[in-house]
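Enquirer: Can you read through this structure? Questions will come right after.
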Amino acid sequence: MKRVLLIALVLLFATAGMARAAESIRIGFNIPLTGDIPKVGESSRNAAEMLKEDINSKGGLLVGDKSYPLEFIYEDNESKAESAVNVALKMIERDEVLAIIGPNSSKQAVPAGGTCDDNRTPMISPWSTNPDTTLDRPWVFRAAFLDPFQGPVAANFAAKKFGAKTAGVLFDISNDYSKGLAEIFRQVWEEKMGKDTVLAFESHGTKDQDFSAQLTKIISAKPDFIFVPDNYNQVALIVKQAHDLGWTGPFMGSDAWGSAELLDLCGKDCVGQYFSTHYAAAGAKGATKEFIDRFAKKYGYVPDDVAALTWDATRMVLQAIQDTGEVKSSVRKMRRSIRDALSDIEKFDGVTGAMHFDEQGDPVKCAVVVRISEENEFVFTEQVCPDE
């Protein structure tokens, strides 16, 4: 009797899982709602919620000849690599999501990408730029450009704008994104300007709050500018402390500066600085402006690049689901169909620009450089595209 009951329960749970896949479209969001960069998670969730409300208000996502309600599950990875892996496993095994959006930061996206690839669940990171996130992982995609592209963008702009011949670098050695981009930048800069023209190459830990020792070394080396490929919360502290130590030269930043919270944390200390990123809200047109205006009205702040990239990443997954032509009852089969459909997307027009994809699932797209203005806006300065 117990054996029969056990079999019945197994069949019941299996049937429930299949029915879930057939009755709604369940997507997971592996995002940092707490930890070092909670604004990143907030922006992702806000963008996703706005998109979900758009679609569900019209009866759901049309796949084939039937509409399905969207069900989005948000889980906090606490800005930690281990937590991001655990969240991915939870969503794959317990929640039976069809696909996962995120993690955003490469520090979490690289290990979580391995988990999703091993478990044959499509994952798309909106914001991760480290090549290892997708490298040799056919189930993992992204909406952001890569650091081997961003590194030269930052180096070339700094050389041109600042007339710089030498550079200093400060980076987070515990962060795959920051460490990788710092190394790429140093290689590109010294190929461009000559050996040992990076006068100081200093690192810090993720939890560090005092950067005075590293900044003292960099400032004493007298570089023409300082490159800081760090998250926005660290940037605010670094820039302020550098000014307190007497630094009056420019900084060059990267896309991790691009959170809306940077302006609140850094204030006037960041005015006039530049960073490379994915899109510029100020002066946007067309669908991008429509997205920005709607988001700002709904949430009370201008969407940062994380919000825009999450919008694009989620739309790509939804397009892939529609391209499958049907929602299969088997979660595993549906995941495979979504992965195949994502691989077949040749070109996508997003609010962060038009893009096409290479064999690794990485988008080939333009970057922009923005200036932090006196009006606390990220103002477009120039666009750099891969074929330039």
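Identifiers in this document derive from the order of the structure tokens: chains are assigned A, B, ..., residues are numbered from 1 separately in each chain, and ligands are numbered from 1 in order of occurrence.
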Please produce, as JSON lines, a per-residue contact table for range 94-160 of chain A versus range 228-247 of chain A (criterion: any atom at most 10 Å away, only C-alpha atoms considered), showing the nearest atom pair and its distance in Å to one decimal, sorted by chain then residue number.

Expert:
```
{"residue": "A:Ser105", "atom": "CA", "partner": "A:Asn231", "partner_atom": "CA", "distance": 9.0}
{"residue": "A:Gly151", "atom": "CA", "partner": "A:Pro229", "partner_atom": "CA", "distance": 9.6}
{"residue": "A:Ala154", "atom": "CA", "partner": "A:Pro229", "partner_atom": "CA", "distance": 9.9}
```

Enquirer: Could you give me, as a list in words, the residues within 12 Å of Lys195 in chain A, counting only C-alpha atoms and dropping anything in the same chain fewer than 5 positions from it?

Expert: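 Result of the neighbour search: Lys165, Thr166, Ala167, Arg186, Gln187, Val188, Trp189 and Glu190 of chain A.
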
Enquirer: Any chance you could list, as a PyMOL selection string, the residues in range 270-362 of chain A that come up alpha helix (DSSP H) when DSSP is run on the backbone?

Expert: chain A and resi 286-299+305-324+331-344

Enquirer: For the selection just defined, write its residues with C-alpha atoms to a file, as an mmCIF file, in the first residue's frame.

Expert:
```cif
data_model
loop_
_atom_site.group_PDB
_atom_site.id
_atom_site.type_symbol
_atom_site.label_atom_id
_atom_site.label_comp_id
_atom_site.auth_asym_id
_atom_site.auth_seq_id
_atom_site.Cartn_x
_atom_site.Cartn_y
_atom_site.Cartn_z
ATOM 1 C CA GLY A 286 12.301 56.164 -30.468
ATOM 2 C CA ALA A 287 11.610 52.966 -28.545
ATOM 3 C CA THR A 288 14.462 53.712 -26.137
ATOM 4 C CA LYS A 289 12.946 57.057 -25.141
ATOM 5 C CA GLU A 290 9.520 55.462 -24.770
ATOM 6 C CA PHE A 291 11.002 52.842 -22.419
ATOM 7 C CA ILE A 292 12.847 55.513 -20.406
ATOM 8 C CA ASP A 293 9.809 57.775 -20.057
ATOM 9 C CA ARG A 294 7.516 54.953 -18.980
ATOM 10 C CA PHE A 295 10.023 53.554 -16.490
ATOM 11 C CA ALA A 296 10.763 56.974 -14.974
ATOM 12 C CA LYS A 297 7.063 57.740 -14.588
ATOM 13 C CA LYS A 298 6.359 54.374 -12.980
ATOM 14 C CA TYR A 299 9.354 54.119 -10.629
ATOM 15 C CA ASP A 305 21.783 50.390 -18.097
ATOM 16 C CA VAL A 306 20.903 47.373 -15.928
ATOM 17 C CA ALA A 307 17.194 48.122 -16.292
ATOM 18 C CA ALA A 308 17.493 48.615 -20.048
ATOM 19 C CA LEU A 309 19.567 45.456 -20.496
ATOM 20 C CA THR A 310 17.136 43.427 -18.383
ATOM 21 C CA TRP A 311 14.314 44.673 -20.605
ATOM 22 C CA ASP A 312 16.239 43.530 -23.687
ATOM 23 C CA ALA A 313 17.321 40.198 -22.179
ATOM 24 C CA THR A 314 13.792 39.323 -21.067
ATOM 25 C CA ARG A 315 12.327 40.292 -24.433
ATOM 26 C CA MET A 316 14.852 38.033 -26.145
ATOM 27 C CA VAL A 317 13.771 35.083 -24.016
ATOM 28 C CA LEU A 318 10.111 35.840 -24.715
ATOM 29 C CA GLN A 319 10.814 36.103 -28.435
ATOM 30 C CA ALA A 320 12.579 32.741 -28.303
ATOM 31 C CA ILE A 321 9.572 31.211 -26.547
ATOM 32 C CA GLN A 322 7.269 32.556 -29.234
ATOM 33 C CA ASP A 323 9.623 31.280 -31.937
ATOM 34 C CA THR A 324 9.267 27.727 -30.589
ATOM 35 C CA VAL A 331 9.872 21.407 -18.905
ATOM 36 C CA ARG A 332 13.070 19.801 -20.184
ATOM 37 C CA LYS A 333 11.886 19.728 -23.779
ATOM 38 C CA MET A 334 10.677 23.306 -23.520
ATOM 39 C CA ARG A 335 14.038 24.445 -22.158
ATOM 40 C CA ARG A 336 15.759 22.773 -25.113
ATOM 41 C CA SER A 337 13.409 24.477 -27.566
ATOM 42 C CA ILE A 338 14.041 27.882 -25.967
ATOM 43 C CA ARG A 339 17.804 27.369 -26.076
ATOM 44 C CA ASP A 340 17.647 26.430 -29.739
ATOM 45 C CA ALA A 341 15.441 29.429 -30.522
ATOM 46 C CA LEU A 342 17.799 31.800 -28.691
ATOM 47 C CA SER A 343 20.674 30.425 -30.751
ATOM 48 C CA ASP A 344 18.700 31.084 -33.913
#
```

Enquirer: Can you work out which one of A:Lys222, A:His356, A:Arg45, A:His278 has the shortest atom-to-atom distance to Val153 in chain A, counting only C-alpha atoms?

Expert: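 With only C-alpha atoms as the atom set, the closest residue is A:His278.
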
Enquirer: Could you list, as a PDB file with N, CA and C atoms, in the first residue's frame, every residue within 10 Å of Gly28 in chain A, counting only C-alpha atoms and ignoring same-chain residues fewer than 4 positions away?

Expert:
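Writing the result to part-v1.pdb gives the following:
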```pdb
ATOM      1  N   GLU A  71       4.748  34.264 -15.466  1.00  0.00           N
ATOM      2  CA  GLU A  71       4.984  34.154 -14.030  1.00  0.00           C
ATOM      3  C   GLU A  71       6.482  34.369 -13.797  1.00  0.00           C
ATOM      4  N   PHE A  72       6.838  35.473 -13.176  1.00  0.00           N
ATOM      5  CA  PHE A  72       8.243  35.798 -12.933  1.00  0.00           C
ATOM      6  C   PHE A  72       8.575  35.535 -11.466  1.00  0.00           C
ATOM      7  N   ILE A  73       9.643  34.814 -11.239  1.00  0.00           N
ATOM      8  CA  ILE A  73      10.096  34.497  -9.884  1.00  0.00           C
ATOM      9  C   ILE A  73      11.408  35.226  -9.630  1.00  0.00           C
ATOM     10  N   TYR A  74      11.442  36.049  -8.579  1.00  0.00           N
ATOM     11  CA  TYR A  74      12.636  36.829  -8.254  1.00  0.00           C
ATOM     12  C   TYR A  74      13.299  36.242  -7.014  1.00  0.00           C
ATOM     13  N   GLU A  75      14.561  35.899  -7.148  1.00  0.00           N
ATOM     14  CA  GLU A  75      15.320  35.349  -6.023  1.00  0.00           C
ATOM     15  C   GLU A  75      16.577  36.178  -5.803  1.00  0.00           C
ATOM     16  N   VAL A  87      20.753  29.800  -5.949  1.00  0.00           N
ATOM     17  CA  VAL A  87      19.503  30.309  -6.522  1.00  0.00           C
ATOM     18  C   VAL A  87      19.214  29.640  -7.854  1.00  0.00           C
ATOM     19  N   ALA A  88      20.242  29.488  -8.680  1.00  0.00           N
ATOM     20  CA  ALA A  88      20.057  28.842  -9.981  1.00  0.00           C
ATOM     21  C   ALA A  88      19.540  27.416  -9.804  1.00  0.00           C
ATOM     22  N   LYS A  90      17.941  26.147  -7.242  1.00  0.00           N
ATOM     23  CA  LYS A  90      16.587  26.195  -6.698  1.00  0.00           C
ATOM     24  C   LYS A  90      15.559  26.452  -7.796  1.00  0.00           C
ATOM     25  N   MET A  91      15.871  27.392  -8.666  1.00  0.00           N
ATOM     26  CA  MET A  91      14.945  27.716  -9.750  1.00  0.00           C
ATOM     27  C   MET A  91      14.819  26.568 -10.746  1.00  0.00           C
ATOM     28  N   ILE A  92      15.925  25.904 -11.018  1.00  0.00           N
ATOM     29  CA  ILE A  92      15.915  24.803 -11.983  1.00  0.00           C
ATOM     30  C   ILE A  92      15.161  23.594 -11.431  1.00  0.00           C
ATOM     31  N   ASP A  95      11.552  25.221  -8.704  1.00  0.00           N
ATOM     32  CA  ASP A  95      10.587  26.099  -9.369  1.00  0.00           C
ATOM     33  C   ASP A  95      10.306  25.686 -10.804  1.00  0.00           C
ATOM     34  N   GLU A  96      11.182  24.887 -11.375  1.00  0.00           N
ATOM     35  CA  GLU A  96      11.026  24.398 -12.752  1.00  0.00           C
ATOM     36  C   GLU A  96      10.804  25.537 -13.746  1.00  0.00           C
ATOM     37  N   VAL A  97      11.637  26.561 -13.623  1.00  0.00           N
ATOM     38  CA  VAL A  97      11.531  27.670 -14.566  1.00  0.00           C
ATOM     39  C   VAL A  97      11.977  27.212 -15.951  1.00  0.00           C
ATOM     40  N   LEU A  98      11.479  27.894 -16.967  1.00  0.00           N
ATOM     41  CA  LEU A  98      11.856  27.548 -18.334  1.00  0.00           C
ATOM     42  C   LEU A  98      13.174  28.206 -18.743  1.00  0.00           C
ATOM     43  N   ALA A  99      13.477  29.332 -18.121  1.00  0.00           N
ATOM     44  CA  ALA A  99      14.720  30.049 -18.407  1.00  0.00           C
ATOM     45  C   ALA A  99      15.032  30.949 -17.226  1.00  0.00           C
ATOM     46  N   ILE A 100      16.294  31.394 -17.147  1.00  0.00           N
ATOM     47  CA  ILE A 100      16.730  32.264 -16.054  1.00  0.00           C
ATOM     48  C   ILE A 100      17.346  33.533 -16.629  1.00  0.00           C
ATOM     49  N   ILE A 101      16.897  34.674 -16.118  1.00  0.00           N
ATOM     50  CA  ILE A 101      17.491  35.968 -16.435  1.00  0.00           C
ATOM     51  C   ILE A 101      18.447  36.322 -15.298  1.00  0.00           C
ATOM     52  N   GLY A 102      19.706  36.631 -15.622  1.00  0.00           N
ATOM     53  CA  GLY A 102      20.706  36.904 -14.610  1.00  0.00           C
ATOM     54  C   GLY A 102      21.525  35.658 -14.309  1.00  0.00           C
ATOM     55  N   MET A 123      20.027  30.371 -19.848  1.00  0.00           N
ATOM     56  CA  MET A 123      20.282  31.520 -18.984  1.00  0.00           C
ATOM     57  C   MET A 123      20.765  32.662 -19.855  1.00  0.00           C
TER      58      MET A 123
END
```

Enquirer: Report, in Å with one decimal, the straight-line distance from CA of Phe145 in chain A to CA of Ser128 in chain A.

Expert: 8.3 Å

Enquirer: Could you state the separation of CA of Leu265 in chain A and CA of Asn46 in chain A in Å, given to one decimal place?

Expert: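 Straight-line distance from CA of Leu265 in chain A to CA of Asn46 in chain A works out to 20.5 Å.
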
Enquirer: A:Asp208, A:Trp139, A:Lys66, A:Ser43: which is nearest Pro126 in chain A, counting only C-alpha atoms?

Expert: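 Under the stated criterion, the closest residue is A:Ser43.
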
Enquirer: If you run DSSP on this backbone, which residues of range 126-335 of chain A come out as strand (DSSP E or B), and could you give them as a tab-separated table (two decimals) with all heavy atoms, in the first residue's frame?

Expert:
```
chain	number	residue	atom	x	y	z
A	140	VAL	N	24.09	29.31	-22.32
A	140	VAL	CA	24.23	30.60	-21.65
A	140	VAL	C	24.43	31.71	-22.68
A	140	VAL	O	25.26	31.59	-23.58
A	140	VAL	CB	25.39	30.60	-20.64
A	140	VAL	CG1	25.44	31.92	-19.88
A	140	VAL	CG2	25.23	29.44	-19.65
A	141	PHE	N	23.68	32.80	-22.51
A	141	PHE	CA	23.70	33.93	-23.43
A	141	PHE	C	23.85	35.23	-22.62
A	141	PHE	O	23.88	35.21	-21.40
A	141	PHE	CB	22.39	33.98	-24.24
A	141	PHE	CG	22.11	32.71	-24.98
A	141	PHE	CD1	21.50	31.62	-24.34
A	141	PHE	CD2	22.44	32.58	-26.32
A	141	PHE	CE1	21.24	30.44	-25.02
A	141	PHE	CE2	22.18	31.39	-27.02
A	141	PHE	CZ	21.59	30.33	-26.36
A	142	ARG	N	23.93	36.36	-23.31
A	142	ARG	CA	23.99	37.64	-22.63
A	142	ARG	C	23.43	38.74	-23.53
A	142	ARG	O	23.30	38.56	-24.74
A	142	ARG	CB	25.43	37.95	-22.20
A	142	ARG	CG	26.32	38.41	-23.33
A	142	ARG	CD	27.69	38.80	-22.80
A	142	ARG	NE	28.61	37.68	-22.77
A	142	ARG	CZ	29.49	37.45	-21.80
A	142	ARG	NH1	29.57	38.27	-20.78
A	142	ARG	NH2	30.30	36.42	-21.85
A	167	ALA	N	48.74	55.79	-17.38
A	167	ALA	CA	47.51	55.48	-16.66
A	167	ALA	C	47.82	54.81	-15.33
A	167	ALA	O	48.86	54.18	-15.16
A	167	ALA	CB	46.62	54.56	-17.50
A	168	GLY	N	46.89	54.97	-14.39
A	168	GLY	CA	46.88	54.18	-13.17
A	168	GLY	C	45.61	53.37	-13.15
A	168	GLY	O	44.60	53.77	-13.76
A	169	VAL	N	45.63	52.23	-12.49
A	169	VAL	CA	44.46	51.35	-12.45
A	169	VAL	C	44.20	50.90	-11.01
A	169	VAL	O	45.13	50.52	-10.30
A	169	VAL	CB	44.66	50.10	-13.34
A	169	VAL	CG1	43.43	49.19	-13.29
A	169	VAL	CG2	44.96	50.50	-14.77
A	170	LEU	N	42.94	50.93	-10.60
A	170	LEU	CA	42.51	50.41	-9.31
A	170	LEU	C	41.32	49.50	-9.55
A	170	LEU	O	40.34	49.89	-10.19
A	170	LEU	CB	42.12	51.55	-8.36
A	170	LEU	CG	41.67	51.15	-6.96
A	170	LEU	CD1	42.75	50.35	-6.24
A	170	LEU	CD2	41.28	52.38	-6.14
A	171	PHE	N	41.39	48.26	-9.04
A	171	PHE	CA	40.34	47.28	-9.35
A	171	PHE	C	40.11	46.35	-8.17
A	171	PHE	O	40.92	46.26	-7.24
A	171	PHE	CB	40.73	46.46	-10.59
A	171	PHE	CG	41.97	45.60	-10.39
A	171	PHE	CD1	41.85	44.26	-10.05
A	171	PHE	CD2	43.24	46.14	-10.54
A	171	PHE	CE1	42.98	43.48	-9.87
A	171	PHE	CE2	44.38	45.36	-10.37
A	171	PHE	CZ	44.25	44.02	-10.02
A	172	ASP	N	38.98	45.64	-8.22
A	172	ASP	CA	38.57	44.68	-7.20
A	172	ASP	C	39.09	43.30	-7.58
A	172	ASP	O	38.60	42.68	-8.53
A	172	ASP	CB	37.04	44.66	-7.08
A	172	ASP	CG	36.53	43.77	-5.96
A	172	ASP	OD1	37.31	42.94	-5.45
A	172	ASP	OD2	35.34	43.88	-5.61
A	198	VAL	N	51.40	51.85	-17.84
A	198	VAL	CA	50.48	51.77	-16.70
A	198	VAL	C	51.36	51.90	-15.47
A	198	VAL	O	52.05	50.96	-15.07
A	198	VAL	CB	49.68	50.45	-16.69
A	198	VAL	CG1	48.86	50.33	-15.40
A	198	VAL	CG2	48.74	50.39	-17.90
A	199	LEU	N	51.38	53.07	-14.88
A	199	LEU	CA	52.35	53.39	-13.83
A	199	LEU	C	52.03	52.75	-12.49
A	199	LEU	O	52.93	52.58	-11.65
A	199	LEU	CB	52.44	54.92	-13.66
A	199	LEU	CG	52.78	55.72	-14.93
A	199	LEU	CD1	52.88	57.20	-14.59
A	199	LEU	CD2	54.08	55.22	-15.55
A	200	ALA	N	50.77	52.43	-12.27
A	200	ALA	CA	50.36	51.78	-11.02
A	200	ALA	C	49.19	50.86	-11.33
A	200	ALA	O	48.27	51.24	-12.05
A	200	ALA	CB	49.97	52.83	-9.99
A	201	PHE	N	49.23	49.66	-10.76
A	201	PHE	CA	48.19	48.66	-11.00
A	201	PHE	C	47.85	48.07	-9.63
A	201	PHE	O	48.46	47.10	-9.17
A	201	PHE	CB	48.72	47.59	-11.95
A	201	PHE	CG	47.66	46.68	-12.53
A	201	PHE	CD1	46.80	47.12	-13.52
A	201	PHE	CD2	47.55	45.36	-12.10
A	201	PHE	CE1	45.84	46.28	-14.08
A	201	PHE	CE2	46.60	44.51	-12.64
A	201	PHE	CZ	45.75	44.97	-13.63
A	202	GLU	N	46.87	48.69	-8.96
A	202	GLU	CA	46.58	48.38	-7.56
A	202	GLU	C	45.22	47.69	-7.42
A	202	GLU	O	44.28	48.00	-8.13
A	202	GLU	CB	46.59	49.66	-6.72
A	202	GLU	CG	47.94	50.36	-6.67
A	202	GLU	CD	48.98	49.54	-5.93
A	202	GLU	OE1	48.63	48.91	-4.90
A	202	GLU	OE2	50.15	49.52	-6.37
A	203	SER	N	45.16	46.78	-6.44
A	203	SER	CA	43.92	46.02	-6.22
A	203	SER	C	43.39	46.23	-4.80
A	203	SER	O	44.12	46.67	-3.91
A	203	SER	CB	44.17	44.53	-6.46
A	203	SER	OG	45.07	44.01	-5.50
A	204	HIS	N	42.13	45.89	-4.62
A	204	HIS	CA	41.50	45.94	-3.30
A	204	HIS	C	40.50	44.80	-3.20
A	204	HIS	O	40.24	44.07	-4.19
A	204	HIS	CB	40.79	47.28	-3.10
A	204	HIS	CG	39.67	47.53	-4.07
A	204	HIS	ND1	38.40	47.02	-3.91
A	204	HIS	CD2	39.63	48.22	-5.24
A	204	HIS	CE1	37.64	47.38	-4.92
A	204	HIS	NE2	38.36	48.12	-5.75
A	226	ILE	N	43.15	57.88	-13.96
A	226	ILE	CA	42.99	56.62	-13.23
A	226	ILE	C	41.81	55.86	-13.80
A	226	ILE	O	40.70	56.40	-13.89
A	226	ILE	CB	42.77	56.87	-11.72
A	226	ILE	CG1	43.91	57.70	-11.13
A	226	ILE	CG2	42.64	55.53	-10.99
A	226	ILE	CD1	43.68	58.10	-9.67
A	227	PHE	N	42.03	54.60	-14.18
A	227	PHE	CA	40.98	53.73	-14.68
A	227	PHE	C	40.45	52.91	-13.51
A	227	PHE	O	41.21	52.23	-12.81
A	227	PHE	CB	41.51	52.82	-15.78
A	227	PHE	CG	40.49	51.87	-16.35
A	227	PHE	CD1	39.30	52.34	-16.90
A	227	PHE	CD2	40.71	50.50	-16.34
A	227	PHE	CE1	38.36	51.47	-17.43
A	227	PHE	CE2	39.78	49.62	-16.87
A	227	PHE	CZ	38.60	50.11	-17.42
A	228	VAL	N	39.12	52.96	-13.30
A	228	VAL	CA	38.49	52.26	-12.17
A	228	VAL	C	37.33	51.41	-12.68
A	228	VAL	O	36.19	51.89	-12.79
A	228	VAL	CB	37.99	53.25	-11.10
A	228	VAL	CG1	37.44	52.49	-9.89
A	228	VAL	CG2	39.10	54.19	-10.67
A	251	PHE	N	39.16	60.60	-14.02
A	251	PHE	CA	38.94	59.15	-13.92
A	251	PHE	C	38.31	58.68	-15.22
A	251	PHE	O	37.61	59.43	-15.90
A	251	PHE	CB	37.97	58.82	-12.77
A	251	PHE	CG	38.54	59.00	-11.40
A	251	PHE	CD1	38.42	60.22	-10.74
A	251	PHE	CD2	39.18	57.96	-10.76
A	251	PHE	CE1	38.94	60.40	-9.47
A	251	PHE	CE2	39.69	58.12	-9.48
A	251	PHE	CZ	39.57	59.35	-8.84
A	252	MET	N	38.56	57.43	-15.54
A	252	MET	CA	37.83	56.76	-16.62
A	252	MET	C	37.18	55.54	-16.01
A	252	MET	O	37.84	54.75	-15.31
A	252	MET	CB	38.78	56.34	-17.75
A	252	MET	CG	38.06	55.70	-18.94
A	252	MET	SD	37.05	56.90	-19.84
A	252	MET	CE	35.85	55.83	-20.65
A	253	GLY	N	35.87	55.39	-16.23
A	253	GLY	CA	35.15	54.27	-15.65
A	253	GLY	C	34.62	53.31	-16.69
A	253	GLY	O	34.81	53.49	-17.90
A	274	TYR	N	33.95	60.34	-16.85
A	274	TYR	CA	33.44	59.59	-18.00
A	274	TYR	C	33.48	58.09	-17.73
A	274	TYR	O	34.34	57.61	-16.99
A	274	TYR	CB	34.29	59.88	-19.25
A	274	TYR	CG	34.26	61.31	-19.73
A	274	TYR	CD1	35.12	62.27	-19.18
A	274	TYR	CD2	33.37	61.71	-20.73
A	274	TYR	CE1	35.09	63.59	-19.63
A	274	TYR	CE2	33.35	63.03	-21.17
A	274	TYR	CZ	34.21	63.96	-20.63
A	274	TYR	OH	34.19	65.26	-21.07
A	275	PHE	N	32.56	57.38	-18.36
A	275	PHE	CA	32.64	55.91	-18.32
A	275	PHE	C	32.00	55.31	-19.57
A	275	PHE	O	31.12	55.92	-20.19
A	275	PHE	CB	32.02	55.35	-17.04
A	275	PHE	CG	30.55	55.58	-16.86
A	275	PHE	CD1	29.60	54.65	-17.29
A	275	PHE	CD2	30.08	56.74	-16.23
A	275	PHE	CE1	28.25	54.85	-17.09
A	275	PHE	CE2	28.72	56.95	-16.04
A	275	PHE	CZ	27.81	56.01	-16.47
A	276	SER	N	32.47	54.15	-19.94
A	276	SER	CA	31.89	53.41	-21.07
A	276	SER	C	30.69	52.62	-20.56
A	276	SER	O	30.69	52.10	-19.45
A	276	SER	CB	32.93	52.46	-21.67
A	276	SER	OG	33.49	51.61	-20.68
A	277	THR	N	29.66	52.53	-21.39
A	277	THR	CA	28.45	51.84	-20.95
A	277	THR	C	27.62	51.40	-22.15
A	277	THR	O	28.08	51.44	-23.30
A	277	THR	CB	27.64	52.75	-20.00
A	277	THR	OG1	26.58	51.99	-19.41
A	277	THR	CG2	27.08	53.97	-20.72
A	282	ALA	N	19.95	60.21	-21.53
A	282	ALA	CA	19.76	61.60	-21.95
A	282	ALA	C	19.86	61.72	-23.47
A	282	ALA	O	20.83	61.28	-24.06
A	282	ALA	CB	20.80	62.49	-21.28
```

Enquirer: Just the number, please: distance in Å from CA of Tyr279 in chain A to CA of Lys207 in chain A, one decimal.

Expert: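 Distance reported for this atom pair: 28.5 Å.
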
Enquirer: Neighbours of Arg137 in chain A within 12 Å (only C-alpha atoms; same-chain residues fewer than 5 positions away dropped), as number ranges by chain?

Expert: A: 110-124, 131-132, 142, 339, 343, 359-362

Enquirer: Those residues with N, CA and C atoms, as a compact mmCIF listing (two decimals), in the first residue's frame please?

Expert:
```txt
# COMPACT_ATOMS: atom_id res chain seq x y z
N VAL A 110 29.36 34.14 -13.81
CA VAL A 110 30.29 33.10 -14.27
C VAL A 110 29.98 31.76 -13.60
N PRO A 111 29.92 31.68 -12.26
CA PRO A 111 29.59 30.38 -11.65
C PRO A 111 28.16 29.92 -11.90
N ALA A 112 27.20 30.85 -11.88
CA ALA A 112 25.81 30.45 -12.14
C ALA A 112 25.64 29.98 -13.57
N GLY A 113 26.40 30.56 -14.50
CA GLY A 113 26.35 30.12 -15.88
C GLY A 113 26.78 28.67 -16.02
N GLY A 114 27.80 28.28 -15.26
CA GLY A 114 28.22 26.89 -15.29
C GLY A 114 27.13 25.96 -14.78
N THR A 115 26.43 26.39 -13.75
CA THR A 115 25.33 25.59 -13.19
C THR A 115 24.20 25.43 -14.19
N CYS A 116 23.82 26.52 -14.84
CA CYS A 116 22.73 26.46 -15.82
C CYS A 116 23.13 25.60 -17.02
N ASP A 117 24.36 25.74 -17.47
CA ASP A 117 24.81 24.95 -18.61
C ASP A 117 24.83 23.47 -18.26
N ASP A 118 25.32 23.13 -17.08
CA ASP A 118 25.36 21.73 -16.65
C ASP A 118 23.97 21.13 -16.55
N ASN A 119 23.00 21.96 -16.17
CA ASN A 119 21.63 21.48 -15.98
C ASN A 119 20.72 21.77 -17.17
N ARG A 120 21.34 22.17 -18.28
CA ARG A 120 20.61 22.38 -19.53
C ARG A 120 19.37 23.26 -19.37
N THR A 121 19.64 24.41 -18.78
CA THR A 121 18.59 25.42 -18.60
C THR A 121 19.07 26.72 -19.21
N PRO A 122 18.35 27.29 -20.15
CA PRO A 122 18.81 28.53 -20.78
C PRO A 122 18.91 29.68 -19.78
N MET A 123 20.03 30.37 -19.85
CA MET A 123 20.28 31.52 -18.98
C MET A 123 20.77 32.66 -19.85
N ILE A 124 20.30 33.87 -19.56
CA ILE A 124 20.81 35.04 -20.26
C ILE A 124 21.13 36.12 -19.23
N PRO A 131 34.09 37.42 -20.51
CA PRO A 131 33.92 36.37 -21.52
C PRO A 131 33.60 34.99 -20.95
N ASP A 132 34.08 34.69 -19.73
CA ASP A 132 33.90 33.35 -19.16
C ASP A 132 32.44 33.02 -18.86
N ARG A 142 23.93 36.36 -23.31
CA ARG A 142 23.99 37.64 -22.63
C ARG A 142 23.43 38.74 -23.53
N ARG A 339 16.37 27.22 -25.80
CA ARG A 339 17.80 27.37 -26.08
C ARG A 339 18.08 27.40 -27.57
N SER A 343 19.51 30.57 -29.87
CA SER A 343 20.67 30.42 -30.75
C SER A 343 20.36 30.85 -32.18
N GLU A 359 28.98 32.97 -32.30
CA GLU A 359 28.79 31.54 -32.01
C GLU A 359 28.78 31.23 -30.52
N GLN A 360 29.24 32.16 -29.68
CA GLN A 360 29.24 31.93 -28.23
C GLN A 360 27.95 32.41 -27.58
N GLY A 361 27.05 33.00 -28.35
CA GLY A 361 25.84 33.56 -27.76
C GLY A 361 26.06 34.97 -27.24
N ASP A 362 27.13 35.61 -27.71
CA ASP A 362 27.45 36.97 -27.27
C ASP A 362 27.01 37.98 -28.32
```
